[in-house]
>>> print(open('input_24.txt').read())   # compact mmCIF, C-alpha atoms
# COMPACT_ATOMS: atom_id res chain seq x y z
CA MET A 131 56.73 52.26 -90.53
CA VAL A 132 53.15 52.14 -91.79
CA GLU A 133 50.67 51.87 -88.94
CA TYR A 134 48.71 48.62 -88.93
CA ILE A 135 50.81 47.18 -91.75
CA PHE A 136 50.04 43.69 -90.44
CA SER A 137 46.31 44.29 -90.88
CA LEU A 138 46.81 45.88 -94.29
CA ILE A 139 48.74 42.85 -95.52
CA ILE A 140 46.05 40.48 -94.27
CA ILE A 141 43.30 42.45 -96.00
CA ALA A 142 45.40 42.60 -99.17
CA SER A 143 45.90 38.83 -99.12
CA ILE A 144 42.15 38.24 -98.80
CA LEU A 145 41.31 40.61 -101.65
CA PHE A 146 44.05 39.25 -103.88
CA GLY A 147 42.95 35.66 -103.30
CA LEU A 148 39.32 36.48 -104.02
CA LEU A 149 39.86 38.77 -107.00
CA LEU A 150 42.80 37.00 -108.66
CA PRO A 151 42.45 33.31 -107.75
CA GLN A 152 43.99 32.22 -111.04
CA ILE A 153 47.24 33.84 -109.88
CA SER A 154 47.19 33.08 -106.15
CA VAL A 155 46.54 29.40 -106.83
CA LEU A 156 50.01 29.22 -108.39
CA TRP A 157 51.66 29.08 -104.97
CA GLY A 158 48.88 27.06 -103.36
CA ASP A 159 51.07 23.94 -103.26
CA TYR A 160 53.68 25.64 -101.07
CA LEU A 161 51.54 26.47 -98.04
CA ASN A 162 53.34 24.14 -95.63
CA PRO A 163 56.76 25.62 -96.49
CA PHE A 164 55.29 29.09 -95.94
CA LEU A 165 54.02 27.97 -92.53
CA ALA A 166 57.43 26.53 -91.67
CA ILE A 167 59.10 29.81 -92.61
CA LEU A 168 56.69 31.77 -90.41
CA MET A 169 57.38 29.37 -87.54
CA PHE A 170 61.12 29.95 -88.06
CA PHE A 171 60.65 33.73 -87.98
CA SER A 172 58.56 33.64 -84.81
CA THR A 173 61.04 31.41 -82.97
CA LEU A 174 63.85 33.83 -83.79
CA LYS A 175 62.02 36.39 -81.67
CA LEU A 176 61.73 34.03 -78.71
CA GLU A 177 62.88 35.86 -75.59
CA ARG A 178 62.25 33.40 -72.78
CA LYS A 179 62.75 29.68 -72.30
CA PHE A 180 59.92 27.20 -72.63
CA ILE A 181 60.43 25.96 -69.07
CA LYS A 182 59.49 29.40 -67.75
CA VAL A 183 55.96 29.12 -69.12
CA LYS A 184 53.56 28.40 -66.27
CA LYS A 185 51.80 25.04 -66.39
CA GLU A 186 48.61 26.78 -65.34
CA GLN A 187 48.74 28.92 -68.48
CA ILE A 188 49.30 25.90 -70.71
CA VAL A 189 46.44 23.89 -69.23
CA SER A 190 44.04 26.84 -69.25
CA LEU A 191 44.81 27.73 -72.84
CA LEU A 192 44.49 24.12 -74.00
CA LEU A 193 41.00 24.05 -72.47
CA PHE A 194 40.05 27.14 -74.43
CA VAL A 195 41.49 25.70 -77.65
CA LEU A 196 40.22 22.14 -77.41
CA LEU A 197 37.04 22.50 -75.35
CA LEU A 198 35.52 25.99 -75.41
CA LEU A 199 35.70 26.67 -79.13
CA PRO A 200 34.19 23.32 -80.21
CA LEU A 201 31.24 24.03 -77.93
CA LEU A 202 30.69 27.33 -79.73
CA SER A 203 29.93 25.37 -82.90
CA ILE A 204 26.67 24.00 -81.45
CA PRO A 205 24.47 26.96 -82.54
CA PHE A 206 25.49 26.27 -86.14
CA LYS A 207 23.26 23.18 -86.06
CA LEU A 208 20.48 25.61 -86.94
CA LEU A 209 22.09 26.17 -90.34
CA GLY A 210 22.01 22.53 -91.41
CA ALA A 211 23.97 19.34 -90.86
CA MET A 212 26.77 19.96 -93.36
CA THR A 213 27.37 23.50 -92.17
CA PHE A 214 27.48 22.33 -88.58
CA ILE A 215 29.90 19.51 -89.39
CA GLY A 216 32.20 21.91 -91.20
CA VAL A 217 32.21 24.47 -88.40
CA LEU A 218 32.60 21.76 -85.75
CA VAL A 219 35.68 20.30 -87.42
CA ALA A 220 37.14 23.77 -87.92
CA PHE A 221 36.58 24.76 -84.29
CA SER A 222 37.81 21.40 -82.96
CA SER A 223 41.12 21.54 -84.81
CA PRO A 224 44.35 22.43 -83.01
CA SER A 225 45.89 25.88 -82.99
CA ALA A 226 47.37 26.81 -86.34
CA ALA A 227 51.07 26.59 -87.07
CA ALA A 228 50.88 30.29 -87.96
CA THR A 229 49.72 31.09 -84.42
CA ALA A 230 53.25 31.70 -83.18
CA PHE A 231 53.99 34.14 -86.00
CA PHE A 232 50.80 36.11 -85.43
CA VAL A 233 51.64 36.17 -81.72
CA SER A 234 55.18 37.36 -82.38
CA PHE A 235 54.02 40.13 -84.70
CA LEU A 236 51.29 41.28 -82.31
CA ASN A 237 53.65 41.21 -79.31
CA GLY A 238 52.29 38.17 -77.51
CA ASP A 239 53.99 35.38 -75.57
CA ILE A 240 55.89 33.46 -78.24
CA ALA A 241 57.03 30.62 -75.97
CA LEU A 242 53.47 29.93 -74.88
CA ALA A 243 52.24 30.07 -78.48
CA LEU A 244 54.87 27.60 -79.68
CA LEU A 245 54.03 25.17 -76.90
CA ILE A 246 50.30 25.39 -77.55
CA SER A 247 50.70 24.88 -81.30
CA PHE A 248 52.73 21.74 -80.68
CA LEU A 249 50.71 20.32 -77.79
CA SER A 250 47.27 21.01 -79.27
CA SER A 251 48.34 19.39 -82.55
CA LEU A 252 49.58 16.34 -80.69
CA LEU A 253 46.48 16.10 -78.50
CA SER A 254 44.20 16.54 -81.50
CA LEU A 255 45.01 12.97 -82.52
CA ALA A 256 42.58 12.02 -79.75
CA THR A 257 40.50 15.14 -79.12
CA LEU A 258 39.44 15.80 -82.73
CA PRO A 259 37.68 12.46 -83.36
CA LEU A 260 36.30 12.34 -79.81
CA THR A 261 34.85 15.85 -80.04
CA ILE A 262 33.21 15.18 -83.40
CA GLN A 263 31.81 11.88 -82.12
CA PHE A 264 30.42 13.51 -78.99
CA LEU A 265 28.91 16.63 -80.55
CA ALA A 266 27.89 15.32 -83.97
CA GLY A 267 27.53 11.59 -83.45
CA GLU A 268 29.90 10.94 -86.35
CA SER A 269 32.77 8.49 -86.19
CA VAL A 270 35.87 10.11 -87.59
CA PHE A 271 39.27 8.67 -88.39
CA VAL A 272 42.08 11.19 -88.16
CA ASP A 273 45.18 10.25 -90.11
CA ALA A 274 47.87 10.40 -87.44
CA SER A 275 50.63 10.39 -90.03
CA LYS A 276 49.45 13.73 -91.46
CA ILE A 277 49.52 15.40 -88.06
CA ILE A 278 52.90 13.90 -87.19
CA VAL A 279 54.37 15.07 -90.50
CA LEU A 280 52.90 18.51 -89.83
CA LEU A 281 54.43 18.56 -86.35
CA ILE A 282 57.85 17.68 -87.73
CA GLN A 283 57.95 19.74 -90.91
CA VAL A 284 56.04 22.85 -89.90
CA ILE A 285 56.70 23.09 -86.16
CA ALA A 286 59.61 21.01 -84.83
CA LEU A 287 62.20 21.49 -87.59
CA PRO A 288 61.71 25.27 -87.96
CA ILE A 289 61.95 25.68 -84.17
CA ILE A 290 65.18 23.67 -84.01
CA LEU A 291 66.67 25.57 -86.96
CA ALA A 292 65.71 28.92 -85.43
CA LEU A 293 67.19 28.04 -82.03
CA PHE A 294 70.40 26.95 -83.78
CA THR A 295 70.46 30.24 -85.70
CA LYS A 296 69.93 32.28 -82.53
CA LYS A 297 72.79 30.52 -80.78
CA PHE A 298 75.40 30.19 -83.52
CA LEU A 299 74.38 32.78 -86.12
CA LYS A 300 73.27 35.64 -83.91
CA GLY A 301 74.03 38.23 -86.58
CA VAL A 302 71.67 36.51 -89.01
CA ALA A 303 68.95 36.26 -86.37
CA ASP A 304 69.30 39.94 -85.48
CA TRP A 305 69.16 40.95 -89.15
CA VAL A 306 65.99 38.92 -89.73
CA ASN A 307 64.34 40.38 -86.63
CA ARG A 308 65.21 43.92 -87.69
CA HIS A 309 63.44 43.39 -91.01
CA ARG A 310 60.33 41.75 -89.67
CA ASN A 311 57.96 43.73 -91.90
CA HIS A 312 59.48 41.89 -94.85
CA GLN A 313 58.31 38.65 -93.26
CA LEU A 314 54.73 39.69 -93.95
CA ALA A 315 55.27 38.73 -97.58
CA PHE A 316 54.83 35.13 -96.47
CA VAL A 317 51.61 36.02 -94.65
CA PHE A 318 50.35 37.49 -97.91
CA LEU A 319 51.38 34.39 -99.87
CA LEU A 320 49.84 32.08 -97.28
CA GLY A 321 46.49 33.86 -97.03
CA SER A 322 46.04 34.46 -100.74
CA GLY A 323 47.29 30.97 -101.59
CA ILE A 324 44.77 29.22 -99.36
CA ILE A 325 41.95 31.35 -100.75
CA GLY A 326 43.14 30.74 -104.30
CA ARG A 327 43.10 26.98 -103.77
CA SER A 328 39.63 27.24 -102.25
CA TYR A 329 38.13 29.40 -104.99
CA PRO A 330 36.32 26.53 -106.78
CA ILE A 331 34.28 26.17 -103.59
CA ILE A 332 33.70 29.91 -103.31
CA ALA A 333 32.55 30.46 -106.90
CA GLY A 334 28.77 30.63 -107.02
CA ASN A 335 28.45 30.65 -103.23
CA GLU A 336 29.66 34.17 -102.52
CA VAL A 337 26.56 35.32 -100.60
CA GLN A 338 26.47 32.20 -98.46
CA LEU A 339 30.20 32.54 -97.82
CA LEU A 340 29.78 36.15 -96.71
CA GLN A 341 26.96 35.26 -94.33
CA LEU A 342 28.80 32.28 -92.90
CA THR A 343 32.01 34.26 -92.49
CA PHE A 344 30.14 36.88 -90.48
CA LEU A 345 28.56 34.29 -88.17
CA ILE A 346 31.82 32.42 -87.66
CA LEU A 347 33.59 35.71 -87.03
CA LEU A 348 31.13 36.47 -84.23
CA ALA A 349 31.66 33.04 -82.68
CA LEU A 350 35.45 33.27 -82.91
CA LEU A 351 35.39 36.81 -81.57
CA PHE A 352 33.31 35.72 -78.59
CA GLY A 353 35.60 32.79 -77.83
CA GLY A 354 38.71 34.86 -78.45
CA LEU A 355 37.57 37.66 -76.15
CA LEU A 356 36.75 35.22 -73.36
CA ALA A 357 40.23 33.77 -73.72
CA TYR A 358 41.75 37.26 -73.98
CA PHE A 359 40.16 38.49 -70.77
CA PHE A 360 41.06 35.28 -68.94
CA GLY A 361 44.64 35.45 -70.20
CA SER A 362 44.95 39.10 -69.15
CA ARG A 363 45.49 37.92 -65.57
CA TYR A 364 48.95 36.86 -66.75
CA GLY A 365 49.63 40.14 -68.55
CA ARG A 366 49.01 41.60 -71.99
CA LYS A 367 51.39 39.24 -73.81
CA SER A 368 49.54 36.23 -72.47
CA ALA A 369 46.18 37.84 -73.25
CA VAL A 370 47.18 38.25 -76.90
CA THR A 371 48.37 34.66 -77.05
CA PHE A 372 45.18 33.33 -75.46
CA PHE A 373 43.11 35.23 -78.04
CA ILE A 374 45.10 34.07 -81.06
CA ALA A 375 45.66 30.45 -80.04
CA THR A 376 41.96 30.03 -79.22
CA SER A 377 40.56 31.56 -82.37
CA VAL A 378 43.16 30.72 -85.04
CA LYS A 379 42.87 27.03 -85.86
CA ASN A 380 44.64 24.73 -88.30
CA ALA A 381 42.59 25.49 -91.41
CA MET A 382 44.37 23.04 -93.70
CA LEU A 383 43.96 20.10 -91.33
CA SER A 384 40.25 20.77 -90.85
CA PHE A 385 39.77 21.25 -94.59
CA ALA A 386 41.42 17.90 -95.35
CA VAL A 387 39.34 16.08 -92.72
CA VAL A 388 36.04 17.55 -93.89
CA VAL A 389 36.56 16.98 -97.61
CA GLU A 390 37.78 13.42 -97.10
CA LEU A 391 34.95 12.39 -94.78
CA PHE A 392 31.96 14.50 -95.78
CA GLY A 393 32.71 15.74 -99.27
CA ILE A 394 32.91 19.17 -100.80
CA ALA A 395 29.41 20.06 -99.52
CA ALA A 396 30.83 20.65 -96.05
CA ALA A 397 33.90 22.57 -97.21
CA LEU A 398 32.44 26.07 -97.52
CA PRO A 399 32.56 26.61 -93.73
CA MET A 400 36.30 25.89 -93.90
CA VAL A 401 36.81 28.82 -96.24
CA ALA A 402 34.54 31.04 -94.15
CA ASN A 403 36.48 30.04 -91.05
CA LEU A 404 39.78 30.97 -92.68
CA LEU A 405 38.47 34.39 -93.70
CA ALA A 406 37.05 34.97 -90.22
CA GLN A 407 40.38 34.04 -88.61
CA LEU A 408 42.31 36.47 -90.78
CA LEU A 409 39.82 39.26 -90.06
CA LEU A 410 40.14 38.54 -86.34
CA MET A 411 43.85 39.28 -86.50
CA VAL A 412 42.96 42.67 -87.94
CA PHE A 413 40.56 43.23 -85.05
CA LEU A 414 43.21 42.27 -82.51
CA GLU A 415 45.85 44.60 -83.92
CA VAL A 416 43.49 47.55 -84.22
CA PHE A 417 41.39 47.12 -81.08
CA GLY A 418 43.36 44.79 -78.79
CA ASN A 419 44.92 47.46 -76.60
CA GLN A 420 41.63 49.32 -76.22
CA ALA A 421 39.79 46.12 -75.27
CA LEU A 422 42.32 45.22 -72.59
CA ALA A 423 42.37 48.77 -71.20
CA LEU A 424 38.57 48.78 -71.02
CA PHE A 425 38.54 45.43 -69.26
CA GLN A 426 41.19 46.47 -66.76
CA SER A 427 39.46 49.77 -65.98
CA SER A 428 36.12 48.03 -65.44
CA ALA A 429 37.80 45.48 -63.18
CA LYS A 430 39.28 48.26 -61.03
CA THR A 431 35.90 49.92 -60.53
CA ARG A 432 34.32 46.77 -59.10
>>> encode(input="input_24.txt", output="structure tokens")
Amino acid sequence: MVEYIFSLIIIASILFGLLLPQISVLWGDYLNPFLAILMFFSTLKLERKFIKVKKEQIVSLLLFVLLLLPLLSIPFKLLGAMTFIGVLVAFSSPSAAATAFFVSFLNGDIALALLISFLSSLLSLATLPLTIQFLAGESVFVDASKIIVLLIQVIALPIILALFTKKFLKGVADWVNRHRNHQLAFVFLLGSGIIGRSYPIIAGNEVQLLQLTFLILLALLFGGLLAYFFGSRYGRKSAVTFFIATSVKNAMLSFAVVVELFGIAAALPMVANLLAQLLLMVFLEVFGNQALALFQSSAKTR
């Protein structure tokens, strides 16, 4: 097995999307099915029941996802109104549907990730417009039907199908889990496809995109590390889940909201946010264990 294959696939998807957008855009209309497939794969690896997840963990993580990260968008006001609006919407969105897959591949708490993806998406019907109104003074209408369809198609149905497969088709579930590296093909298609669809926004704004990606990466890293260290009190699996669920947001939902309400001028932060999220997963795979070990050793010396 190639070490850090997860990170290599993510980097490859970014490069492919940026360098060959005319190809990666070809599967840009199939992003939701890709997300549903990743949700199915992650649920197949579920080892504990949802009812065993502590309520304290759920509430704490929801606060990180829906409260802490939106607050980290405030410094982006210095970069202009449209940039701030874009980052605010991105940071205020619920955890991504791909969160559970990233968590499963990076050995986090899958049950907690599935619950947070579902609950944060449901709560975002209220929290997303309220957060934008409070921090930006903009009234926002969030199409509830889009979120509900997302919940059903990308989260609920794949979970139900996977649980059915685990119970009645155990051989199939075991075979899929044994070949989990093959599942990364859908991560590649998802990452490159989103970038390919976004390339018209990227073209001509490469320098600004690079700068914005770096700044968003720092903000997400800060929020993710705070969540990671807080979640470490529940163990490494929870720490990984806290990091991913906090920093990996629903990019497609935020993109749709921003473009519909504020136009294409505010969309560049969406692309930068997506790139930053993918790069964060590389950071977590490569440095996650070292970060937790450092934190635990420093805690023992106090």
>>> closest_residue(input="input_24.txt", among="A:Ser190, A:Ser251, A:Asn380, A:Asn335", to="Leu165 of chain A", atoms="all atoms listed in the file")
A:Asn380
>>> closest_residue(input="input_24.txt", among="A:Leu150, A:Leu197, A:Ile282, A:Leu320", to="Thr376 of chain A", atoms="only C-alpha atoms")
A:Leu197
>>> atom_distance(input="input_24.txt", atom1="atom CA of Ala292 of chain A", atom2="atom CA of Phe136 of chain A")
22.1 Å
>>> residues_around(input="input_24.txt", residues="Val378 of chain A", least_positions_apart="5", cutoff="8 Å", atoms="only C-alpha atoms", output="number ranges by chain")
A: 225-226, 229, 407
>>> closest_residue(input="input_24.txt", among="A:Leu342, A:Val183, A:Ala402, A:Ile135", to="Leu242 of chain A", atoms="only C-alpha atoms")
A:Val183
>>> closest_residue(input="input_24.txt", among="A:Leu260, A:Ala220, A:Leu201, A:Leu168", to="Lys379 of chain A", atoms="only C-alpha atoms")
A:Ala220
>>> atom_distance(input="input_24.txt", atom1="atom CA of Leu209 of chain A", atom2="atom CA of Glu390 of chain A")
21.3 Å
>>> residues_around(input="input_24.txt", residues="Val189 of chain A", least_positions_apart="3", cutoff="12 Å", atoms="all atoms listed in the file", output="short mmCIF file (atom, residue, chain, number, x, y, z; two decimals) with C-alpha atoms, in the coordinates of the input")
data_model
loop_
_atom_site.label_atom_id
_atom_site.label_comp_id
_atom_site.auth_asym_id
_atom_site.auth_seq_id
_atom_site.Cartn_x
_atom_site.Cartn_y
_atom_site.Cartn_z
CA VAL A 183 55.96 29.12 -69.12
CA LYS A 184 53.56 28.40 -66.27
CA LYS A 185 51.80 25.04 -66.39
CA GLU A 186 48.61 26.78 -65.34
CA LEU A 192 44.49 24.12 -74.00
CA LEU A 193 41.00 24.05 -72.47
CA PHE A 194 40.05 27.14 -74.43
CA VAL A 195 41.49 25.70 -77.65
CA LEU A 196 40.22 22.14 -77.41
CA LEU A 197 37.04 22.50 -75.35
CA LEU A 242 53.47 29.93 -74.88
CA LEU A 245 54.03 25.17 -76.90
CA ILE A 246 50.30 25.39 -77.55
CA LEU A 249 50.71 20.32 -77.79
CA SER A 250 47.27 21.01 -79.27
CA GLY A 361 44.64 35.45 -70.20
CA PHE A 372 45.18 33.33 -75.46
#
>>> closest_residue(input="input_24.txt", among="A:Pro259, A:Gly354, A:Pro224, A:Gly210", to="Ala369 of chain A", atoms="all atoms listed in the file")
A:Gly354
>>> residues_around(input="input_24.txt", residues="segment 302-317 of chain A", least_positions_apart="6", cutoff="7 Å", atoms="all atoms listed in the file", output="PDB file with C-alpha atoms, in the frame of the given file")
ATOM      1  CA  ILE A 139      48.740  42.850 -95.520  1.00  0.00           C
ATOM      2  CA  PHE A 164      55.290  29.090 -95.940  1.00  0.00           C
ATOM      3  CA  LEU A 174      63.850  33.830 -83.790  1.00  0.00           C
ATOM      4  CA  LYS A 175      62.020  36.390 -81.670  1.00  0.00           C
ATOM      5  CA  THR A 295      70.460  30.240 -85.700  1.00  0.00           C
ATOM      6  CA  LYS A 296      69.930  32.280 -82.530  1.00  0.00           C
TER       7      LYS A 296
END
>>> residues_near_point(input="input_24.txt", point="(58.2, 39.9, -77.8)", cutoff="9 Å", atoms="only C-alpha atoms", output="ChimeraX atom specification")
/A:175-177,233-240,367
>>> atom_distance(input="input_24.txt", atom1="atom CA of Leu199 of chain A", atom2="atom CA of Ser222 of chain A")
6.8 Å
